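Enquirer: The structure that follows is given in the form of structure tokens.
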Amino acid sequence: PVVVLYVQGSGSNEWKEFGRTEVIDNTLNPDFVRKFVLDYYFEEKQNLRFDPLGSHSAVLGVQDFLGQAFVALGEVIGSQRGRLERALTGVPGKRCGTILLLAEELSNCRDIVTMQLCANKLDKKDFFGKSDPFLVFYRSNEDGTFTICHKTEVVKNTLNPVWQPFTIPVRALCNGDYDRTVKIDVYDWDRDGSHDFIGEFATSYRELSRAQSQFTVYEVGQGSGLGRWGLPHARAYPPLRPQVLNPRKKCKKKKYVNSGTVTLLSFSVESEFTFVDYIRGGTQLNFTVAIDFTASNGMPSQPTSLHYASPYQLSAYALALKAVGEIIQDYDSDKLFPAYGFGAKLPPDGKISHQFPLNNNVDNPSCVGIEGVLESYLQSLRTVQLYGPTNFAPIINQVARSAAQMTDGSQYHVLLIITDGVISDMLQTKEAIVTASALPMSIIIVGVGPAEFEAMEELDGDEVRVSFRGRYAERDIVQFVPFRDYVDDSGNQVLSMARLAKDVLAEIPEQLLSYMKTRDIKPRRARP
């Protein structure tokens with residue numbers, strides 16, 4: 001047999017062939033070697049189709065159809081250890097067997113380097129003072145040119161500067177090629193921008209890393225384990241007297257030795273973990289929905305209502321729910337989603353509630369799958385009275401309480417709030433967001449309808465971090481988008497949903513990583 005992989009474009013129903021495995025003859029249990037390398041985007045629904053075919057002919061269509069399996073790439077990545085088994089279907093009245101899919105993230109030089117350098121006896125460049133030195137790091141390119149990848153701060157009025165430690169990704173320093181030349185220029189800073197060149201030297205990532213472990217018998221300055229180097233070709237072993245050379249001076253002056261020395265004070269390497277590392281390590285995304293049931297949405301039975309669902313298309317609320325939920329559900333193993341409404345009067349006594357369960361089950365507000373959430377939402381529209389006001393704080397605090405119960409990185413909560421209007425409890429909501437920013441959770445707000453949403457933009461925190469009484473949010477955890485910006489002009493709801501999901505979910509991986517990093521939580525090892 002041979003397996004053909006088809007992919008479906010975002011917002012499209014068309015399947016395109018992506019690639020094929022090799023052909024394995026005469027077996028019902030093939031173990032294919034050829035791999036498919038796909039770009040992965042958390043915020044997109046990346047649908048895949050696998051078609052195993054009998055290999056009697058090299059012509060597609062003539063081969064025996066052995067079944068097919070449909071799966072989203074997120075399902076494979078979100079499954080335990082990145083392994084997903086799916087039954088093959090498509091041949092009536094016949095069991096077609098199963099297909100086992102394995103996904104792993106390609107390593108792309110995810111290490112981050114932290115280093116500190118100092119210099120000694122640099123050339124004096126300023127007439128009335130000493131020098132104001134800084135370093136400029138250059139990565140060499142394939143064509144022999146150099147690209148700036150880092151500048152240190154300026155240390156004023158000294159010939160013996162000690163620069164602050166700095167961090168740089170290894171891929172930025174050498175593009176993953178450990179032997180690629182890294183050139184470092186030393187300049188004297190001038191206010192008018194015409195900085196004076198002091199000298200240069202060259203090294204490589206490999207030489208720097210060797211220096212880290214080669215010389216650990218003594219301490220220099222604020223660091224330990226130092227290597228020293230000079231031009232024209234640097235070596236971190238055996239220890240050399242570090243030299244900064246100025247080629248012009250070297251040509252002009254026969255007795256020229258160097259323009260100073262530079263010492264590596266410290267050098268350490270850490271791995272930069274990715275979103276996929278945490279998902280494969282078992283982190284679950286817990287998805288909670290909160291839907292606006294205030295009267296400003298209009299009577300659900302009227303076509304002018306934002307809650308109105310015609311026989312031909314879903315309401316804006318349902319579209320937003322499906323767009324976000326159908327992607328996040330791939331990363332939640334139990335597919336049980338708590339779903340709430342707010343701003344409605346509930347039967348039988350007409351009490352106003354800002355966090356009532358859509359399934360009318362206070363003890364267990366979870367719905368089975370996104371379809372279960374939609375069903376409960378539509379049922380609630382028929383039983384509650386739309387009222388007001390528009391309060392966010394109660395539902396944010398509700399999810400925050402759940403997030404606070406498990407802060408070890410095994411759970412991360414995503415709250416989707418879909419609303420039509422102006423928020424009524426802004427101060428309380430800001431307080432709730434500031435508190436929630438210290439917890440493993442993110443908040444997505446989708447605004448539906450024609451209202452102006454200036455207050456929501458304030459909560460988003462992209463420009464200015466949300467604060468309450470002088471206390472600022474630890475992280476930016478809110479993403480707001482107006483649904484109208486994503487409606488396709490041709491009325492294609494699938495495309496509208498894909499556009500919306502791509503924008504509102506794009507920040508979730510970075511928000512999850514920011515929480516893990518601030519808490520120094522490393523991914524768990526995937527069980528073998």
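Quick note on naming: the chains in the structure tokens go A, B, ... in the order shown, residues restart at 1 in each chain, and ligands are numbered from 1 in order of appearance.
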When DSSP is applied to the backbone of this structure, which of range 283-484 of chain A are assigned strand (DSSP E or B)? Write them out as an MDAnalysis selection string.

Expert: chainID A and resid 284:292 294 336:342 344:346 351:353 356:357 366:368 385:387 411:419 441:447 467:468 471:472 478:482

Enquirer: Taking the DSSP secondary structure from the backbone, can you list the residues of range 465-504 of chain A that are alpha helix (DSSP H), as a list in words?

Expert: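 So, restricting range 465-504 of chain A to alpha helix (DSSP H), we get Gln493, Val494, Leu495, Ser496, Met497, Ala498, Arg499, Leu500, Ala501, Lys502, Asp503 and Val504 of chain A.
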
Enquirer: Output N, CA, C and O atoms for every residue in the selection just made, as a PDB file, in the first residue's frame.

Expert:
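The result, stored in selection-v5.pdb:
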```pdb
ATOM      1  N   GLN A 493     -19.557  31.772   5.427  1.00  0.00           N
ATOM      2  CA  GLN A 493     -19.400  31.691   6.883  1.00  0.00           C
ATOM      3  C   GLN A 493     -18.159  30.891   7.281  1.00  0.00           C
ATOM      4  O   GLN A 493     -17.528  31.187   8.294  1.00  0.00           O
ATOM      5  N   VAL A 494     -17.800  29.908   6.490  1.00  0.00           N
ATOM      6  CA  VAL A 494     -16.610  29.115   6.795  1.00  0.00           C
ATOM      7  C   VAL A 494     -15.369  29.999   6.770  1.00  0.00           C
ATOM      8  O   VAL A 494     -14.506  29.931   7.644  1.00  0.00           O
ATOM      9  N   LEU A 495     -15.298  30.874   5.770  1.00  0.00           N
ATOM     10  CA  LEU A 495     -14.161  31.781   5.660  1.00  0.00           C
ATOM     11  C   LEU A 495     -14.162  32.808   6.790  1.00  0.00           C
ATOM     12  O   LEU A 495     -13.121  33.136   7.364  1.00  0.00           O
ATOM     13  N   SER A 496     -15.355  33.305   7.147  1.00  0.00           N
ATOM     14  CA  SER A 496     -15.463  34.254   8.259  1.00  0.00           C
ATOM     15  C   SER A 496     -14.963  33.635   9.552  1.00  0.00           C
ATOM     16  O   SER A 496     -14.218  34.267  10.332  1.00  0.00           O
ATOM     17  N   MET A 497     -15.349  32.371   9.806  1.00  0.00           N
ATOM     18  CA  MET A 497     -14.927  31.679  11.025  1.00  0.00           C
ATOM     19  C   MET A 497     -13.419  31.460  11.039  1.00  0.00           C
ATOM     20  O   MET A 497     -12.769  31.616  12.077  1.00  0.00           O
ATOM     21  N   ALA A 498     -12.863  31.093   9.880  1.00  0.00           N
ATOM     22  CA  ALA A 498     -11.419  30.853   9.813  1.00  0.00           C
ATOM     23  C   ALA A 498     -10.635  32.134  10.096  1.00  0.00           C
ATOM     24  O   ALA A 498      -9.630  32.121  10.815  1.00  0.00           O
ATOM     25  N   ARG A 499     -11.102  33.250   9.533  1.00  0.00           N
ATOM     26  CA  ARG A 499     -10.428  34.534   9.760  1.00  0.00           C
ATOM     27  C   ARG A 499     -10.489  34.937  11.232  1.00  0.00           C
ATOM     28  O   ARG A 499      -9.506  35.403  11.822  1.00  0.00           O
ATOM     29  N   LEU A 500     -11.661  34.784  11.821  1.00  0.00           N
ATOM     30  CA  LEU A 500     -11.838  35.142  13.228  1.00  0.00           C
ATOM     31  C   LEU A 500     -10.942  34.304  14.127  1.00  0.00           C
ATOM     32  O   LEU A 500     -10.221  34.838  14.984  1.00  0.00           O
ATOM     33  N   ALA A 501     -10.983  32.987  13.932  1.00  0.00           N
ATOM     34  CA  ALA A 501     -10.192  32.084  14.776  1.00  0.00           C
ATOM     35  C   ALA A 501      -8.706  32.401  14.673  1.00  0.00           C
ATOM     36  O   ALA A 501      -7.984  32.384  15.675  1.00  0.00           O
ATOM     37  N   LYS A 502      -8.257  32.701  13.473  1.00  0.00           N
ATOM     38  CA  LYS A 502      -6.829  32.959  13.270  1.00  0.00           C
ATOM     39  C   LYS A 502      -6.362  34.136  14.104  1.00  0.00           C
ATOM     40  O   LYS A 502      -5.279  34.104  14.701  1.00  0.00           O
ATOM     41  N   ASP A 503      -7.170  35.182  14.171  1.00  0.00           N
ATOM     42  CA  ASP A 503      -6.762  36.375  14.923  1.00  0.00           C
ATOM     43  C   ASP A 503      -6.924  36.218  16.430  1.00  0.00           C
ATOM     44  O   ASP A 503      -6.042  36.604  17.199  1.00  0.00           O
ATOM     45  N   VAL A 504      -8.062  35.674  16.874  1.00  0.00           N
ATOM     46  CA  VAL A 504      -8.304  35.647  18.321  1.00  0.00           C
ATOM     47  C   VAL A 504      -7.463  34.585  19.027  1.00  0.00           C
ATOM     48  O   VAL A 504      -7.178  34.705  20.220  1.00  0.00           O
TER      49      VAL A 504
END
```

Enquirer: Can you pull out every residue within 8 Å of range 286-294 of chain A, counting only C-alpha atoms, but drop anything in the same chain fewer than 4 positions away, and send it as an NGL selection string?

Expert: :A and (317 or 321 or 325 or 328-329 or 332 or 337-344 or 355 or 385-390 or 395 or 399 or 411-420)

Enquirer: Extract, using only C-alpha atoms, all DNA, RNA and protein residues at most 10 Å from range 18-26 of chain A, discarding same-chain residues fewer than 5 positions from it, and format them as a list in words.

Expert: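 The residues satisfying every condition are Pro1, Val2, Val3, Val4, Leu5, Tyr6, Val7, Gln8, Asp31, Phe32, Val33, Arg34, Lys35, Phe36, Val37, Leu38, Leu48, Arg49, Phe50, Asp51, Pro52, Leu53, Gly54, Ser55, His56 and Ala58 of chain A.
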
Enquirer: Just the residues within 9 Å of Asp476 in chain A, please, counting only C-alpha atoms, with nothing from its chain fewer than 6 positions along; format it as a VMD selection string.

Expert: chain A and resid 437 442 460 to 462 465 to 466 511

Enquirer: For range 89-98 of chain A, list every protein, DNA or RNA residue within 12 Å, evaluated using only C-alpha atoms, and leave out those in the same chain fewer than 3 positions away; present the list as a VMD selection string.

Expert: chain A and resid 28 to 30 49 to 53 64 to 70 84 to 86 101

Enquirer: Looking at only C-alpha atoms, which of A:Arg469, A:Phe483, A:Asp177, A:Gly372 is the one that sits closest to Ala316 in chain A?

Expert: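 Distance minimum relative to Ala316 in chain A lands on A:Phe483.
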
Enquirer: I'd like the contact shell of Thr407 in chain A - 10 Å cut-off, only C-alpha atoms, skipping same-chain residues fewer than 6 positions apart - returned as an MDAnalysis selection string.

Expert: chainID A and resid 438:441 515:516 519 521

Enquirer: For CA of Gln405 in chain A and CA of Ala432 in chain A, quote the distance in Å rounded to one decimal.

Expert: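 Separation of CA of Gln405 in chain A and CA of Ala432 in chain A: 16.3 Å.
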